[in-house]
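*Asks:* The following file, my_file-v4.cif, comprises mmCIF, C-alpha atoms and all ligand atoms:
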data_protein
#
loop_
_atom_site.group_PDB
_atom_site.id
_atom_site.type_symbol
_atom_site.label_atom_id
_atom_site.label_comp_id
_atom_site.auth_asym_id
_atom_site.auth_seq_id
_atom_site.Cartn_x
_atom_site.Cartn_y
_atom_site.Cartn_z
ATOM 1 C CA MET A 1 0.000 0.000 0.000
ATOM 2 C CA LYS A 2 1.008 3.575 -0.529
ATOM 3 C CA GLY A 3 2.954 5.258 2.235
ATOM 4 C CA MET A 4 0.430 8.103 2.240
ATOM 5 C CA VAL A 5 -2.109 5.680 3.769
ATOM 6 C CA PHE A 6 0.284 4.878 6.630
ATOM 7 C CA VAL A 7 1.194 8.537 7.101
ATOM 8 C CA GLU A 8 -2.511 9.396 7.386
ATOM 9 C CA LEU A 9 -3.187 6.566 9.854
ATOM 10 C CA LEU A 10 -0.410 7.918 12.066
ATOM 11 C CA ASN A 11 -1.712 11.490 11.642
ATOM 12 C CA MET A 12 -5.141 10.338 12.786
ATOM 13 C CA ALA A 13 -3.652 8.530 15.784
ATOM 14 C CA GLU A 14 -1.494 11.549 16.704
ATOM 15 C CA ALA A 15 -4.533 13.828 16.612
ATOM 16 C CA ALA A 16 -6.279 11.475 19.051
ATOM 17 C CA ILE A 17 -3.525 10.403 21.471
ATOM 18 C CA GLY A 18 -0.515 12.629 20.740
ATOM 19 C CA GLU A 19 2.856 12.101 19.147
ATOM 20 C CA ASP A 20 4.573 10.475 22.159
ATOM 21 C CA ALA A 21 1.940 7.758 22.491
ATOM 22 C CA VAL A 22 2.170 7.030 18.771
ATOM 23 C CA ASP A 23 5.986 6.816 18.973
ATOM 24 C CA GLU A 24 5.616 4.310 21.813
ATOM 25 C CA ILE A 25 3.199 2.204 19.774
ATOM 26 C CA LEU A 26 5.603 2.243 16.821
ATOM 27 C CA ASP A 27 8.533 1.223 19.054
ATOM 28 C CA ARG A 28 6.613 -1.732 20.438
ATOM 29 C CA ALA A 29 5.005 -2.915 17.223
ATOM 30 C CA GLU A 30 8.190 -4.381 15.662
ATOM 31 C CA LEU A 31 7.363 -3.267 12.134
ATOM 32 C CA ALA A 32 9.493 -4.175 9.135
ATOM 33 C CA SER A 33 9.663 -0.488 8.175
ATOM 34 C CA ASP A 34 10.362 0.660 11.773
ATOM 35 C CA GLY A 35 7.411 2.986 11.393
ATOM 36 C CA ALA A 36 9.236 5.397 9.084
ATOM 37 C CA TYR A 37 6.944 5.890 6.107
ATOM 38 C CA SER A 38 7.498 7.994 3.032
ATOM 39 C CA ALA A 39 4.238 9.123 1.400
ATOM 40 C CA VAL A 40 5.481 7.922 -1.983
ATOM 41 C CA GLY A 41 6.866 4.577 -0.774
ATOM 42 C CA ASN A 42 5.056 1.226 -0.783
ATOM 43 C CA TYR A 43 4.563 -0.983 2.256
ATOM 44 C CA SER A 44 2.832 -4.244 2.986
ATOM 45 C CA CYS A 45 -0.839 -4.135 3.948
ATOM 46 C CA SER A 46 -0.163 -6.607 6.768
ATOM 47 C CA GLU A 47 1.862 -3.833 8.387
ATOM 48 C CA LEU A 48 -1.168 -1.535 8.216
ATOM 49 C CA ILE A 49 -3.308 -4.221 9.860
ATOM 50 C CA LYS A 50 -0.702 -4.614 12.610
ATOM 51 C CA LEU A 51 -0.676 -0.856 13.214
ATOM 52 C CA VAL A 52 -4.477 -0.676 13.302
ATOM 53 C CA GLU A 53 -4.499 -3.420 15.941
ATOM 54 C CA ALA A 54 -1.817 -1.727 18.036
ATOM 55 C CA ILE A 55 -3.512 1.695 17.909
ATOM 56 C CA GLY A 56 -6.887 0.053 18.615
ATOM 57 C CA LEU A 57 -5.493 -1.626 21.740
ATOM 58 C CA HIS A 58 -4.238 1.739 22.965
ATOM 59 C CA VAL A 59 -7.519 3.604 22.426
ATOM 60 C CA LYS A 60 -9.677 0.591 23.423
ATOM 61 C CA ALA A 61 -11.329 0.327 20.026
ATOM 62 C CA SER A 62 -11.747 -2.891 18.062
ATOM 63 C CA PRO A 63 -9.644 -3.152 14.905
ATOM 64 C CA GLU A 64 -12.906 -3.045 12.920
ATOM 65 C CA ASP A 65 -14.040 0.216 14.552
ATOM 66 C CA LEU A 66 -10.624 1.736 14.090
ATOM 67 C CA GLN A 67 -10.619 0.802 10.390
ATOM 68 C CA THR A 68 -14.024 2.476 10.041
ATOM 69 C CA GLN A 69 -12.825 5.633 11.792
ATOM 70 C CA PHE A 70 -9.811 5.640 9.527
ATOM 71 C CA GLY A 71 -12.107 5.408 6.490
ATOM 72 C CA HIS A 72 -13.804 8.633 7.634
ATOM 73 C CA TRP A 73 -10.450 10.339 8.141
ATOM 74 C CA MET A 74 -9.087 9.183 4.769
ATOM 75 C CA PHE A 75 -12.185 10.311 2.898
ATOM 76 C CA ARG A 76 -11.733 13.851 4.231
ATOM 77 C CA ARG A 77 -8.084 13.741 3.126
ATOM 78 C CA PHE A 78 -9.134 12.631 -0.369
ATOM 79 C CA VAL A 79 -11.594 15.538 -0.578
ATOM 80 C CA GLU A 80 -8.826 17.985 0.381
ATOM 81 C CA GLY A 81 -6.174 16.408 -1.819
ATOM 82 C CA TYR A 82 -8.231 15.618 -4.923
ATOM 83 C CA PRO A 83 -11.228 18.012 -4.926
ATOM 84 C CA GLY A 84 -11.744 17.554 -8.679
ATOM 85 C CA PHE A 85 -13.209 14.069 -8.202
ATOM 86 C CA PHE A 86 -16.017 15.413 -6.037
ATOM 87 C CA THR A 87 -17.195 18.626 -7.643
ATOM 88 C CA ASP A 88 -18.907 17.107 -10.687
ATOM 89 C CA LYS A 89 -20.916 14.507 -8.721
ATOM 90 C CA ALA A 90 -24.573 15.222 -7.934
ATOM 91 C CA ASP A 91 -24.782 13.025 -4.843
ATOM 92 C CA ALA A 92 -23.223 10.175 -2.881
ATOM 93 C CA PHE A 93 -24.633 7.519 -5.241
ATOM 94 C CA ASP A 94 -22.987 9.220 -8.233
ATOM 95 C CA MET A 95 -19.717 9.376 -6.324
ATOM 96 C CA LEU A 96 -19.788 5.754 -5.176
ATOM 97 C CA GLU A 97 -20.649 4.541 -8.687
ATOM 98 C CA ALA A 98 -17.642 6.454 -10.044
ATOM 99 C CA ILE A 99 -15.016 4.835 -7.794
ATOM 100 C CA GLU A 100 -14.420 1.673 -9.843
ATOM 101 C CA ASN A 101 -14.447 3.119 -13.364
ATOM 102 C CA GLU A 102 -13.261 6.669 -12.833
ATOM 103 C CA VAL A 103 -11.624 7.523 -9.506
ATOM 104 C CA HIS A 104 -9.529 4.421 -8.931
ATOM 105 C CA VAL A 105 -8.701 4.280 -12.664
ATOM 106 C CA GLU A 106 -7.187 7.781 -12.400
ATOM 107 C CA VAL A 107 -5.465 6.836 -9.148
ATOM 108 C CA ARG A 108 -3.821 3.883 -10.913
ATOM 109 C CA LYS A 109 -2.607 6.208 -13.694
ATOM 110 C CA LEU A 110 -0.990 8.441 -11.081
ATOM 111 C CA TYR A 111 0.480 5.560 -9.035
ATOM 112 C CA PRO A 112 0.726 2.356 -11.134
ATOM 113 C CA GLU A 113 1.754 0.255 -8.132
ATOM 114 C CA VAL A 114 -1.396 0.882 -6.041
ATOM 115 C CA GLU A 115 -3.388 -2.027 -4.647
ATOM 116 C CA LEU A 116 -7.062 -1.322 -5.151
ATOM 117 C CA PRO A 117 -10.272 -3.237 -4.484
ATOM 118 C CA HIS A 118 -12.941 -4.097 -7.078
ATOM 119 C CA PHE A 119 -16.459 -2.752 -6.881
ATOM 120 C CA SER A 120 -19.648 -3.592 -8.714
ATOM 121 C CA THR A 121 -22.680 -1.386 -8.182
ATOM 122 C CA GLU A 122 -26.363 -1.654 -8.907
ATOM 123 C CA ARG A 123 -29.190 0.818 -8.292
ATOM 124 C CA PHE A 124 -32.663 -0.191 -7.184
ATOM 125 C CA GLY A 125 -35.048 2.700 -7.777
ATOM 126 C CA GLY A 126 -33.996 6.183 -6.731
ATOM 127 C CA ASP A 127 -33.162 5.451 -3.129
ATOM 128 C CA ARG A 128 -31.134 2.244 -2.917
ATOM 129 C CA LEU A 129 -27.617 1.457 -4.111
ATOM 130 C CA GLN A 130 -25.901 -1.879 -3.719
ATOM 131 C CA MET A 131 -22.133 -2.017 -3.841
ATOM 132 C CA VAL A 132 -20.094 -5.220 -3.700
ATOM 133 C CA TYR A 133 -16.504 -4.934 -2.497
ATOM 134 C CA ARG A 134 -13.853 -7.523 -3.330
ATOM 135 C CA SER A 135 -10.187 -7.258 -2.411
ATOM 136 C CA GLU A 136 -7.048 -9.205 -1.618
ATOM 137 C CA ARG A 137 -6.855 -7.085 1.516
ATOM 138 C CA PRO A 138 -9.030 -7.374 4.663
ATOM 139 C CA LEU A 139 -10.245 -3.764 4.578
ATOM 140 C CA THR A 140 -14.045 -4.095 4.516
ATOM 141 C CA HIS A 141 -14.454 -1.868 7.583
ATOM 142 C CA PHE A 142 -12.150 0.762 6.111
ATOM 143 C CA CYS A 143 -14.441 0.707 3.091
ATOM 144 C CA LEU A 144 -17.488 1.093 5.351
ATOM 145 C CA GLY A 145 -15.969 4.250 6.837
ATOM 146 C CA LEU A 146 -15.222 5.665 3.390
ATOM 147 C CA ILE A 147 -18.811 5.046 2.277
ATOM 148 C CA GLN A 148 -20.271 6.574 5.459
ATOM 149 C CA ALA A 149 -18.042 9.629 5.093
ATOM 150 C CA CYS A 150 -19.050 9.954 1.440
ATOM 151 C CA ILE A 151 -22.711 10.112 2.520
ATOM 152 C CA THR A 152 -21.909 12.734 5.151
ATOM 153 C CA HIS A 153 -19.979 14.762 2.579
ATOM 154 C CA PHE A 154 -22.931 15.028 0.201
ATOM 155 C CA GLY A 155 -25.295 15.920 3.046
ATOM 156 C CA GLU A 156 -28.250 13.685 2.148
ATOM 157 C CA PRO A 157 -29.090 11.258 4.992
ATOM 158 C CA ALA A 158 -28.730 7.566 4.168
ATOM 159 C CA GLU A 159 -28.085 4.312 6.008
ATOM 160 C CA VAL A 160 -25.357 1.834 5.166
ATOM 161 C CA ASP A 161 -25.639 -1.903 5.855
ATOM 162 C CA MET A 162 -22.642 -4.152 5.443
ATOM 163 C CA VAL A 163 -22.940 -7.909 5.005
ATOM 164 C CA PRO A 164 -19.688 -9.878 4.762
ATOM 165 C CA LEU A 165 -19.713 -12.343 1.872
ATOM 166 C CA GLU A 166 -18.325 -15.609 3.182
ATOM 167 C CA GLY A 167 -16.798 -18.451 1.237
ATOM 168 C CA GLU A 168 -15.143 -16.321 -1.442
ATOM 169 C CA SER A 169 -11.460 -16.568 -2.232
ATOM 170 C CA GLN A 170 -11.130 -12.805 -1.651
ATOM 171 C CA HIS A 171 -12.273 -10.503 1.142
ATOM 172 C CA ALA A 172 -15.747 -9.444 0.146
ATOM 173 C CA ALA A 173 -18.751 -7.569 1.471
ATOM 174 C CA GLU A 174 -22.047 -6.282 0.151
ATOM 175 C CA PHE A 175 -22.979 -2.726 1.084
ATOM 176 C CA THR A 176 -26.548 -1.519 0.802
ATOM 177 C CA ILE A 177 -27.033 2.236 0.961
ATOM 178 C CA ARG A 178 -30.586 3.456 1.473
ATOM 179 C CA LYS A 179 -31.535 7.116 1.343
ATOM 180 C CA ALA A 180 -33.671 8.120 4.316
ATOM 181 C CA ALA A 181 -37.383 8.372 3.444
HETATM 182 C C1 LIG A 201 -16.247 6.637 -1.152
HETATM 183 C C2 LIG A 201 -15.284 6.589 -2.002
HETATM 184 C C3 LIG A 201 -14.174 5.554 -2.001
HETATM 185 C C4 LIG A 201 -14.227 4.246 -1.649
HETATM 186 C C5 LIG A 201 -15.418 3.451 -1.159
HETATM 187 C C6 LIG A 201 -12.856 3.718 -1.812
HETATM 188 C C7 LIG A 201 -12.439 2.457 -1.476
HETATM 189 C C8 LIG A 201 -11.127 2.108 -1.246
HETATM 190 C C9 LIG A 201 -10.672 0.986 -0.455
HETATM 191 C C10 LIG A 201 -11.593 0.043 0.293
HETATM 192 C C11 LIG A 201 -9.317 0.991 -0.476
HETATM 193 C C12 LIG A 201 -8.345 0.026 0.261
HETATM 194 C C13 LIG A 201 -7.716 -0.989 -0.637
HETATM 195 C C14 LIG A 201 -8.490 -2.288 -0.668
HETATM 196 O O1 LIG A 201 -9.481 -2.438 0.069
HETATM 197 O O2 LIG A 201 -8.089 -3.189 -1.439
HETATM 198 C C15 LIG A 201 -8.915 2.125 -1.270
HETATM 199 C C16 LIG A 201 -7.600 2.471 -1.518
HETATM 200 C C17 LIG A 201 -7.232 3.627 -2.114
HETATM 201 N N1 LIG A 201 -8.047 4.555 -2.706
HETATM 202 FE FE1 LIG A 201 -10.072 4.535 -2.719
HETATM 203 N N2 LIG A 201 -12.054 4.716 -2.295
HETATM 204 C C18 LIG A 201 -12.811 5.857 -2.411
HETATM 205 C C19 LIG A 201 -12.407 7.088 -2.850
HETATM 206 C C20 LIG A 201 -11.144 7.362 -3.254
HETATM 207 C C21 LIG A 201 -10.757 8.667 -3.747
HETATM 208 C C22 LIG A 201 -11.647 9.885 -3.925
HETATM 209 C C23 LIG A 201 -9.451 8.570 -4.033
HETATM 210 C C24 LIG A 201 -8.691 9.729 -4.599
HETATM 211 C C25 LIG A 201 -7.551 9.914 -4.738
HETATM 212 C C26 LIG A 201 -9.008 7.217 -3.701
HETATM 213 C C27 LIG A 201 -7.706 6.713 -3.785
HETATM 214 C C28 LIG A 201 -7.264 5.571 -3.182
HETATM 215 C C29 LIG A 201 -5.853 5.261 -2.914
HETATM 216 C C30 LIG A 201 -4.638 6.118 -3.280
HETATM 217 C C31 LIG A 201 -5.833 4.044 -2.240
HETATM 218 C C32 LIG A 201 -4.599 3.322 -1.683
HETATM 219 C C33 LIG A 201 -4.086 2.264 -2.603
HETATM 220 C C34 LIG A 201 -2.754 1.729 -2.124
HETATM 221 O O3 LIG A 201 -2.276 2.159 -1.088
HETATM 222 O O4 LIG A 201 -2.122 0.879 -2.799
HETATM 223 N N3 LIG A 201 -10.061 6.502 -3.253
HETATM 224 N N4 LIG A 201 -10.013 2.786 -1.741
#
Go ahead and render the structure in this file as structure tokens.

*Replies:*
Amino acid sequence: MKGMVFVELLNMAEAAIGEDAVDEILDRAELASDGAYSAVGNYSCSELIKLVEAIGLHVKASPEDLQTQFGHWMFRRFVEGYPGFFTDKADAFDMLEAIENEVHVEVRKLYPEVELPHFSTERFGGDRLQMVYRSERPLTHFCLGLIQACITHFGEPAEVDMVPLEGESQHAAEFTIRKAA
């Protein structure tokens, strides 16, 4: 994964528990990279999972909840860093439908070595969107946070349900997003 993802995870943790506590976590975690990440470097996703667990232990959050929180944080960073992706979308459904065939396609052009998930989407009427996530990486809860933050960003209330899809060779989950009546 891109170093920028690790840098942002540590930024989020520092904002919550301070730099010293984060340094302590990094010292104890015995990471291959020693916790020194360059935004443009590439690091193994298992190291991210290890960090999420270690930070979660410190703040008494489950790894799943921490992944979700991180999804919210990362979405806000994407909005700041790449505003162009967001301005031409009418609503959250438009945005979510554009991830697979537009946003992540452009991201791959910018950084050919990125590791991205696959999405398929289907709309049911005007108020329900189904999105299936598949990835080599166990980041379904990170994805949940990104989707929730996307809904918040566009300001139209909606609920997100996540159902893990078992028995697949990849990590997979089905998200159903329903606009509030
Ligand atoms: C709600 C919108 C989005 C969703 C649901 C989404 C989903 C995801 C997920 C789940 C991952 C983790 C990798 C995996 O699970 O295999 C990921 C990675 C990533 N996404 Fe998106 N994404 C969204 C928007 C964006 C936007 C707007 C950008 C703009 C730049 C972006 C750029 C990236 C990058 C750079 C990575 C890291 C890849 C790597 O480190 O190798 N995503 N995305």

*Asks:* Give me, as a ChimeraX atom specification, all polymer residues having an atom no more than 7 Å from Met162 in chain A, counting only C-alpha atoms and skipping those fewer than 2 positions away in the same chain.

*Replies:* /A:160,164,173-176

*Asks:* Let's have the selection written as a compact mmCIF listing (two decimals), in the frame of the given file, with C-alpha atoms.

*Replies:*
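What landed in out-v6.txt:
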# COMPACT_ATOMS: atom_id res chain seq x y z
CA VAL A 160 -25.36 1.83 5.17
CA PRO A 164 -19.69 -9.88 4.76
CA ALA A 173 -18.75 -7.57 1.47
CA GLU A 174 -22.05 -6.28 0.15
CA PHE A 175 -22.98 -2.73 1.08
CA THR A 176 -26.55 -1.52 0.80

*Asks:* Tell me which protein, DNA and RNA residues are within 12 Å of range 78-84 of chain A, counting only C-alpha atoms, leaving out same-chain ones fewer than 3 positions away, and put them as a list in words.

*Replies:*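 Counting only the stated atoms, we get Met4, Val5, Glu8, Gly71, His72, Trp73, Met74, Phe75, Thr87, Asp88, Lys89, Met95, Glu102, Val103, His104, Glu106, Val107, Leu110, Leu146, Ala149, Cys150, His153 and Phe154 of chain A.
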
*Asks:* Selected by the PyMOL selection byres (((chain A and resi 2) around 8) and not hetatm) in the shown coordinates: which residues, as a ChimeraX atom specification?

*Replies:* /A:1,3-6,39-43,114

*Asks:* Could you take the residues named above and write them with C-alpha atoms, as a PDB file, in the frame of the given file?

*Replies:*
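As a result, result_30.pdb now contains:
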ATOM      1  CA  MET A   1       0.000   0.000   0.000  1.00  0.00           C
ATOM      2  CA  GLY A   3       2.954   5.258   2.235  1.00  0.00           C
ATOM      3  CA  MET A   4       0.430   8.103   2.240  1.00  0.00           C
ATOM      4  CA  VAL A   5      -2.109   5.680   3.769  1.00  0.00           C
ATOM      5  CA  PHE A   6       0.284   4.878   6.630  1.00  0.00           C
ATOM      6  CA  ALA A  39       4.238   9.123   1.400  1.00  0.00           C
ATOM      7  CA  VAL A  40       5.481   7.922  -1.983  1.00  0.00           C
ATOM      8  CA  GLY A  41       6.866   4.577  -0.774  1.00  0.00           C
ATOM      9  CA  ASN A  42       5.056   1.226  -0.783  1.00  0.00           C
ATOM     10  CA  TYR A  43       4.563  -0.983   2.256  1.00  0.00           C
ATOM     11  CA  VAL A 114      -1.396   0.882  -6.041  1.00  0.00           C
TER      12      VAL A 114
END

*Asks:* Just how far from atom C5 of ligand LIG 201 (chain A) is CA of Val132 in chain A, in Å to one decimal?

*Replies:*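 It comes out at 10.2 Å.
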
*Asks:* Give me the residues near Val59 in chain A as a VMD selection string, where near means some atom within 10 Å (using all atoms listed in the file) and where sequence neighbours in that chain fewer than 6 positions away do not count.

*Replies:* chain A and resid 13 16 to 17 66

*Asks:* Can you tell me how far CA of Glu159 in chain A sits from atom N1 of ligand LIG 201 (chain A), in Å to one decimal?

*Replies:*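 Straight-line distance from CA of Glu159 in chain A to atom N1 of ligand LIG 201 (chain A) works out to 21.9 Å.
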
*Asks:* Please, what distance in Å, to one decimal, runs between CA of Arg76 in chain A and CA of Leu165 in chain A?

*Replies:* 27.5 Å

*Asks:* Between A:Gly56, A:Gly167, A:Pro117, A:Gly145, which has the minimum distance to ligand LIG 201 (chain A) (counting all atoms listed in the file)?

*Replies:*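 With all atoms listed in the file as the atom set, the closest residue is A:Pro117.
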
*Asks:* Step by step: start from the point (-31.4, -0.1, -9.4) in the file's coordinates, keep every protein, DNA or RNA residue that has an atom no farther than 12 Å from it, count all atoms listed in the file, and write the set as a ChimeraX atom specification.

*Replies:* /A:93,97,121-131,176-178

*Asks:* With only C-alpha atoms and all ligand atoms as the basis for distance, which of A:Ile25, A:Leu139, A:Ala180, A:Ala172 is at the shortest distance from ligand LIG 201 (chain A)?

*Replies:*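 So, comparing all the options, the nearest one is A:Leu139.
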